[in-house]
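Colleague: Sharing target-v8.cif (mmCIF, C-alpha atoms) below.
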data_data
#
loop_
_atom_site.label_atom_id
_atom_site.label_comp_id
_atom_site.auth_asym_id
_atom_site.auth_seq_id
_atom_site.Cartn_x
_atom_site.Cartn_y
_atom_site.Cartn_z
CA MET A 17 0.50 52.31 -58.96
CA SER A 18 -1.56 49.36 -60.16
CA GLY A 19 0.51 49.02 -63.36
CA GLU A 20 3.81 48.74 -61.54
CA THR A 21 5.28 45.39 -60.62
CA HIS A 22 6.27 44.98 -57.04
CA ILE A 23 7.91 42.21 -55.14
CA ARG A 24 5.63 42.44 -52.17
CA THR A 25 4.58 39.87 -49.67
CA PRO A 26 0.86 39.34 -48.97
CA LEU A 27 1.47 40.89 -45.55
CA ALA A 28 2.95 44.07 -47.06
CA LYS A 29 -0.06 44.39 -49.37
CA VAL A 30 -2.54 44.53 -46.51
CA ARG A 31 -0.39 46.44 -44.03
CA GLY A 32 -1.74 49.87 -43.15
CA ARG A 33 -5.21 49.17 -44.51
CA GLY A 34 -6.73 48.53 -41.12
CA SER A 35 -8.39 45.35 -39.95
CA ALA A 36 -11.61 43.86 -41.34
CA LYS A 37 -12.89 44.07 -37.73
CA SER A 38 -14.19 40.49 -37.86
CA GLY A 39 -11.02 38.47 -37.26
CA THR A 40 -12.06 37.38 -33.78
CA LYS A 41 -15.76 36.82 -34.56
CA HIS A 42 -15.65 33.02 -34.41
CA PHE A 43 -13.30 33.03 -31.41
CA TRP A 44 -15.70 35.30 -29.54
CA HIS A 45 -18.88 33.49 -30.61
CA GLN A 46 -17.39 30.15 -29.53
CA ARG A 47 -16.79 31.51 -26.02
CA LEU A 48 -20.11 33.35 -25.89
CA THR A 49 -22.04 30.19 -26.78
CA ALA A 50 -19.82 28.14 -24.42
CA LEU A 51 -20.87 30.41 -21.56
CA ALA A 52 -24.56 30.19 -22.54
CA ASN A 53 -24.28 26.40 -22.90
CA ILE A 54 -23.36 25.91 -19.22
CA PRO A 55 -26.74 26.81 -17.62
CA LEU A 56 -28.65 25.60 -20.71
CA THR A 57 -26.98 22.15 -20.60
CA ILE A 58 -27.67 21.76 -16.87
CA ALA A 59 -31.32 22.71 -17.47
CA ALA A 60 -31.62 20.40 -20.50
CA VAL A 61 -30.19 17.41 -18.59
CA VAL A 62 -32.61 17.98 -15.68
CA ILE A 63 -35.55 18.24 -18.11
CA LEU A 64 -34.54 15.09 -20.03
CA ILE A 65 -34.21 13.10 -16.77
CA THR A 66 -37.78 14.08 -15.82
CA LEU A 67 -38.94 12.51 -19.12
CA LEU A 68 -37.55 9.09 -18.17
CA GLY A 69 -40.12 6.50 -17.20
CA ARG A 70 -43.02 8.60 -18.50
CA ASN A 71 -45.23 7.74 -21.46
CA GLN A 72 -45.42 9.73 -24.70
CA ALA A 73 -48.36 11.90 -23.63
CA ALA A 74 -46.62 12.97 -20.43
CA ALA A 75 -43.31 13.55 -22.22
CA ALA A 76 -45.07 15.66 -24.87
CA GLN A 77 -46.82 17.69 -22.18
CA ILE A 78 -43.55 18.41 -20.32
CA LEU A 79 -41.56 19.29 -23.46
CA GLY A 80 -44.42 21.38 -24.83
CA SER A 81 -44.89 23.62 -21.77
CA PRO A 82 -43.82 27.24 -22.47
CA THR A 83 -40.79 27.48 -20.14
CA ILE A 84 -39.39 24.09 -21.16
CA THR A 85 -39.89 24.87 -24.87
CA ILE A 86 -38.05 28.20 -24.57
CA ILE A 87 -35.17 26.61 -22.61
CA MET A 88 -34.87 23.78 -25.16
CA LEU A 89 -34.99 26.19 -28.12
CA LEU A 90 -32.20 28.27 -26.53
CA PHE A 91 -30.24 25.06 -25.85
CA ILE A 92 -30.65 23.92 -29.48
CA GLY A 93 -29.73 27.35 -30.89
CA SER A 94 -26.67 27.92 -28.71
CA THR A 95 -25.29 24.38 -29.06
CA THR A 96 -25.70 24.18 -32.86
CA VAL A 97 -23.86 27.49 -33.34
CA HIS A 98 -21.14 26.18 -30.98
CA MET A 99 -21.06 22.85 -32.87
CA ARG A 100 -20.68 24.52 -36.25
CA ILE A 101 -17.68 26.62 -35.17
CA GLY A 102 -16.08 23.71 -33.28
CA MET A 103 -16.36 21.25 -36.16
CA ALA A 104 -15.09 23.89 -38.63
CA VAL A 105 -11.93 24.25 -36.49
CA VAL A 106 -11.44 20.46 -36.46
CA ILE A 107 -11.88 20.27 -40.26
CA GLU A 108 -9.49 23.19 -40.85
CA ASP A 109 -6.90 21.57 -38.56
CA TYR A 110 -6.89 18.06 -40.01
CA VAL A 111 -8.12 18.24 -43.62
CA HIS A 112 -5.44 19.75 -45.86
CA ASP A 113 -6.84 18.95 -49.31
CA GLU A 114 -8.61 22.13 -50.44
CA THR A 115 -11.53 20.42 -52.22
CA ALA A 116 -12.22 17.98 -49.37
CA LYS A 117 -11.93 20.79 -46.82
CA LEU A 118 -14.40 22.99 -48.69
CA ALA A 119 -16.84 20.07 -49.13
CA LEU A 120 -16.65 19.19 -45.41
CA LEU A 121 -17.07 22.82 -44.32
CA ILE A 122 -20.21 23.07 -46.49
CA ALA A 123 -21.49 19.74 -45.14
CA ASN A 124 -20.81 21.00 -41.59
CA THR A 125 -23.00 24.06 -42.10
CA PHE A 126 -25.76 22.00 -43.74
CA PHE A 127 -25.69 19.36 -40.97
CA THR A 128 -25.83 21.83 -38.10
CA VAL A 129 -28.65 23.85 -39.70
CA VAL A 130 -30.69 20.71 -40.50
CA VAL A 131 -30.25 19.05 -37.09
CA GLY A 132 -30.94 22.33 -35.28
CA LEU A 133 -34.06 23.02 -37.32
CA ALA A 134 -35.31 19.42 -36.93
CA ALA A 135 -34.92 19.52 -33.13
CA ALA A 136 -36.55 22.97 -32.94
CA TYR A 137 -39.44 21.75 -35.11
CA GLY A 138 -39.95 18.71 -32.85
CA ILE A 139 -40.20 20.96 -29.77
CA LEU A 140 -42.39 23.65 -31.39
CA LYS A 141 -44.80 21.03 -32.72
CA LEU A 142 -45.39 19.78 -29.16
CA SER A 143 -45.68 23.30 -27.79
CA PHE A 144 -48.27 24.36 -30.35
CA GLY A 145 -50.12 21.06 -29.84
CA LEU A 146 -50.11 20.19 -33.54
CA MET B 228 -1.20 31.60 -49.91
CA ASN B 229 -2.06 28.02 -50.79
CA ALA B 230 -0.54 28.36 -54.25
CA MET B 231 2.64 29.59 -52.62
CA ALA B 232 2.70 26.62 -50.28
CA GLU B 233 2.28 24.20 -53.18
CA THR B 234 5.08 25.61 -55.33
CA LYS B 235 7.50 25.33 -52.44
CA ALA B 236 6.25 21.94 -51.25
CA ARG B 237 9.25 20.06 -52.67
CA VAL B 238 11.78 22.10 -50.74
CA ALA B 239 12.83 19.99 -47.77
CA ARG B 240 12.47 22.20 -44.77
CA PRO B 241 12.88 21.34 -41.13
CA LEU B 242 9.45 20.83 -39.58
CA SER B 243 8.41 22.09 -36.20
CA PRO B 244 8.05 19.24 -33.71
CA HIS B 245 4.55 17.80 -33.59
CA LEU B 246 2.52 15.63 -31.18
CA GLN B 247 4.52 12.41 -31.55
CA ILE B 248 7.76 14.13 -30.49
CA TYR B 249 6.53 15.05 -27.03
CA ARG B 250 6.04 12.88 -23.99
CA PRO B 251 2.25 12.65 -23.50
CA THR B 252 1.04 14.85 -20.65
CA LEU B 253 -2.33 14.89 -18.93
CA THR B 254 -3.18 18.38 -20.21
CA MET B 255 -2.32 17.31 -23.77
CA MET B 256 -4.43 14.15 -23.58
CA MET B 257 -7.34 16.11 -22.11
CA SER B 258 -7.12 18.63 -24.93
CA ILE B 259 -7.53 15.73 -27.38
CA VAL B 260 -10.39 14.27 -25.31
CA HIS B 261 -12.13 17.68 -25.37
CA ARG B 262 -12.11 17.54 -29.18
CA ILE B 263 -13.24 13.91 -29.33
CA THR B 264 -16.14 14.52 -26.91
CA GLY B 265 -17.09 17.60 -28.96
CA ILE B 266 -17.22 15.50 -32.14
CA GLY B 267 -19.27 12.84 -30.33
CA LEU B 268 -21.76 15.41 -29.06
CA TYR B 269 -22.01 16.85 -32.59
CA PHE B 270 -23.44 13.57 -33.89
CA GLY B 271 -25.28 12.88 -30.63
CA THR B 272 -27.51 15.85 -31.42
CA LEU B 273 -29.25 13.56 -33.92
CA LEU B 274 -30.46 11.49 -30.96
CA LEU B 275 -31.83 14.60 -29.26
CA ALA B 276 -33.67 15.68 -32.43
CA TRP B 277 -35.12 12.17 -32.74
CA TRP B 278 -36.26 12.29 -29.08
CA PHE B 279 -38.11 15.59 -29.59
CA ILE B 280 -39.69 14.68 -32.94
CA SER B 281 -40.75 11.20 -31.75
CA ALA B 282 -42.54 12.72 -28.72
CA GLY B 283 -45.22 13.91 -31.17
CA GLY B 284 -46.90 10.50 -31.35
CA PRO B 285 -47.15 7.19 -29.41
CA ASN B 286 -45.86 4.97 -32.23
CA GLY B 287 -42.79 7.07 -32.92
CA TYR B 288 -42.08 7.41 -29.20
CA ALA B 289 -42.35 3.64 -28.76
CA ARG B 290 -39.70 3.18 -31.49
CA PHE B 291 -37.43 5.73 -29.80
CA GLU B 292 -37.90 4.08 -26.39
CA TRP B 293 -37.20 0.67 -27.88
CA PHE B 294 -33.91 1.93 -29.33
CA ILE B 295 -32.83 3.85 -26.24
CA GLY B 296 -33.76 0.87 -24.04
CA SER B 297 -31.63 -1.56 -26.06
CA TRP B 298 -28.06 -2.22 -24.89
CA ILE B 299 -26.59 -0.26 -27.81
CA GLY B 300 -28.97 2.64 -27.17
CA ARG B 301 -28.10 2.63 -23.46
CA LEU B 302 -24.39 2.59 -24.32
CA ILE B 303 -24.78 5.53 -26.73
CA LEU B 304 -26.85 7.50 -24.18
CA PHE B 305 -24.30 6.77 -21.43
CA GLY B 306 -21.47 7.89 -23.71
CA TYR B 307 -23.46 10.99 -24.68
CA THR B 308 -24.06 11.86 -21.00
CA TRP B 309 -20.36 11.50 -20.12
CA ALA B 310 -19.25 13.43 -23.24
CA LEU B 311 -21.72 16.22 -22.44
CA ILE B 312 -20.59 16.60 -18.82
CA HIS B 313 -16.91 16.19 -19.67
CA HIS B 314 -17.09 18.75 -22.49
CA MET B 315 -19.02 21.18 -20.27
CA LEU B 316 -16.49 20.94 -17.42
CA GLY B 317 -13.67 21.15 -19.99
CA GLY B 318 -15.31 24.27 -21.40
CA ILE B 319 -15.41 25.86 -17.93
CA ARG B 320 -11.69 24.99 -17.59
CA HIS B 321 -10.95 26.67 -20.92
CA LEU B 322 -12.95 29.77 -19.92
CA ILE B 323 -10.90 29.97 -16.69
CA TRP B 324 -7.70 29.67 -18.76
CA ASP B 325 -9.00 32.32 -21.20
CA SER B 326 -9.21 34.73 -18.28
CA GLY B 327 -5.49 34.14 -17.67
CA ARG B 328 -6.04 32.27 -14.43
CA GLY B 329 -5.14 28.71 -13.47
CA LEU B 330 -2.21 28.35 -15.86
CA GLY B 331 0.47 27.65 -13.27
CA PRO B 332 2.15 24.20 -13.22
CA SER B 333 0.18 22.80 -10.28
CA GLU B 334 -3.07 24.69 -11.00
CA ARG B 335 -3.44 23.41 -14.56
CA GLU B 336 -2.81 19.81 -13.48
CA TRP B 337 -5.36 20.20 -10.70
CA LEU B 338 -7.96 21.65 -13.09
CA VAL B 339 -7.47 18.83 -15.59
CA ALA B 340 -7.73 16.14 -12.90
CA ALA B 341 -10.88 17.79 -11.48
CA ASN B 342 -12.34 17.84 -15.00
CA LEU B 343 -11.80 14.12 -15.51
CA ILE B 344 -12.81 12.91 -12.03
CA GLY B 345 -15.74 15.36 -11.88
CA SER B 346 -17.14 14.20 -15.22
CA ILE B 347 -17.07 10.54 -14.17
CA ILE B 348 -18.70 11.21 -10.76
CA ILE B 349 -21.43 13.50 -12.19
CA THR B 350 -22.21 11.05 -15.02
CA ILE B 351 -22.62 8.13 -12.58
CA LEU B 352 -24.79 10.29 -10.27
CA LEU B 353 -26.99 11.38 -13.20
CA TRP B 354 -27.47 7.76 -14.25
CA ILE B 355 -28.38 6.70 -10.71
CA ILE B 356 -30.98 9.51 -10.62
CA GLY B 357 -32.15 8.58 -14.13
CA LEU B 358 -32.54 4.89 -13.34
CA LEU B 359 -34.41 5.76 -10.12
CA ALA B 360 -36.69 8.06 -12.15
CA MET B 361 -37.48 5.18 -14.48
CA GLY B 362 -38.21 3.04 -11.42
CA GLY B 363 -36.53 0.10 -13.08
CA SER B 364 -39.50 -0.13 -15.47
CA VAL B 365 -37.59 0.24 -18.73
#
How does the structure come out when it is put into structure tokens?

Modeller:
Amino acid sequence: MSGETHIRTPLAKVRGRGSAKSGTKHFWHQRLTALANIPLTIAAVVILITLLGRNQAAAAQILGSPTITIIMLLFIGSTTVHMRIGMAVVIEDYVHDETAKLALLIANTFFTVVVGLAAAYGILKLSFGL
Amino acid sequence: MNAMAETKARVARPLSPHLQIYRPTLTMMMSIVHRITGIGLYFGTLLLAWWFISAGGPNGYARFEWFIGSWIGRLILFGYTWALIHHMLGGIRHLIWDSGRGLGPSEREWLVAANLIGSIIITILLWIIGLLAMGGSV
């Protein structure tokens, strides 16, 4: 069959082979993180407001307490995953040049991982009192 | 698929109508605003990372407080607050729509208006609370 030439559309080639079972992964993860972001954002805003008007030592003590650290780590994790998917959709929608699109999608992943790790490091450092 | 699109690129085909064809509606504009606030929040995360990292020492925190206390820093933080609240309320709206509810002509307009008005009210309230928390010191 492989040696024969067929005039087949890409759709006909994959028809009947079953799905890859991951077509809705990003769609689902975007909604899952959106749901998680609601209580986490409210908590993060309340925490950040309590930091206002306090000096560095007090701010470090608040951010470094176990409950606050865990909430902030969850907030950072959930929002950066959400950010990565969201920005990928924007890039795929508006950037049509293949090379530029690939470069931006790579940069998107790098940026979200770096900013997420940096924020998590900042919090953990306070929590561990380093 | 891309190669196919390129070989046929010169064939003049009728295009499906895009954004500029339609009369702007509130739901359409709010869809665009949801994307713009999302992009803003994406880069605003840098500010959050800076806040957390700077809290490790008095000198770094003083630099952060100087920036956030300047008029440009205040403006960025105010914009970040509004974008965060607006995007969160917009996200709730989208989750309601995902469930198949609230898509009727009057319901969707009501949801979009509530999103916009709610985000402005909550942002102003948060800033009043925030400024009271600072006690006008910064």

Colleague: Return as a tab-separated table the residues of chain A lying at most 7 Å from chain B, together with the closest atom-to-atom pair for each and the distance in Å to one decimal, counting all atoms listed in the file, with rows in chain order and ascending residue number.

Modeller:
residue	atom	partner	partner_atom	distance
A:Ala50	CA	B:Gly318	CA	6.7
A:Ile54	CA	B:Met315	CA	6.5
A:Ile65	CA	B:Gly357	CA	5.6
A:Leu68	CA	B:Met361	CA	5.4
A:Gly69	CA	B:Met361	CA	4.0
A:Gln72	CA	B:Pro285	CA	5.6
A:Ala75	CA	B:Ala282	CA	6.6
A:Ala76	CA	B:Ala282	CA	5.5
A:Met99	CA	B:Tyr269	CA	6.1
A:Val131	CA	B:Leu273	CA	6.4
A:Ala134	CA	B:Ala276	CA	6.1
A:Ala135	CA	B:Ala276	CA	4.1
A:Gly138	CA	B:Ile280	CA	4.0
A:Ile139	CA	B:Phe279	CA	5.8
A:Leu142	CA	B:Gly283	CA	6.2

Colleague: Which residue out of A:Ile58, A:Ile107, A:Leu27, A:Ile63 has the minimum interatomic distance to Gly80 of chain A when all atoms listed in the file are used?

Modeller: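 Closest to Gly80 of chain A, using all atoms listed in the file: A:Ile63.
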
Colleague: Between atom CA of Phe294 of chain B and atom CA of Val61 of chain A, what is the spacing in Å?

Modeller: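 Between atom CA of Val61 of chain A and atom CA of Phe294 of chain B the gap is 19.2 Å.
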
Colleague: One number please: atom CA of Leu48 of chain A to atom CA of Ser94 of chain A, in Å, one decimal.

Modeller: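 So the answer is 9.0 Å.
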
Colleague: Need the neighbours of (-28.2, 25.4, -27.9): which residues are at most 12 Å away, counting all atoms listed in the file, as a ChimeraX atom specification?

Modeller: /A:46,48-60,86-100,128-129,131-133,135-136 /B:268-269,272,275

Colleague: As a check of understanding, name the residues that the PyMOL selection byres ((chain B and resi 331-347) around 12) selects in the supplied structure, as number ranges by chain.

Modeller: B: 252-258, 260-261, 264, 305-324, 327-330, 348-354

Colleague: In terms of the shortest atom-to-atom distance over all atoms listed in the file, which of A:Ser81, A:Asn71, A:Val30, A:Leu64 is closest to Phe144 of chain A?

Modeller: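 The shortest atom-to-atom distance to Phe144 of chain A comes from A:Ser81.
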
Colleague: With all atoms listed in the file as the atoms that count, which of A:Val105, A:Asn124, A:Ile84, A:Tyr137 lies nearest to Leu67 of chain A?

Modeller: A:Ile84

Colleague: Have a look at atom CA of Ala116 of chain A and atom CA of Ser38 of chain A and let me know their distance in Å, one decimal.

Modeller: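 Atom-to-atom, atom CA of Ala116 of chain A to atom CA of Ser38 of chain A, that is 25.4 Å.
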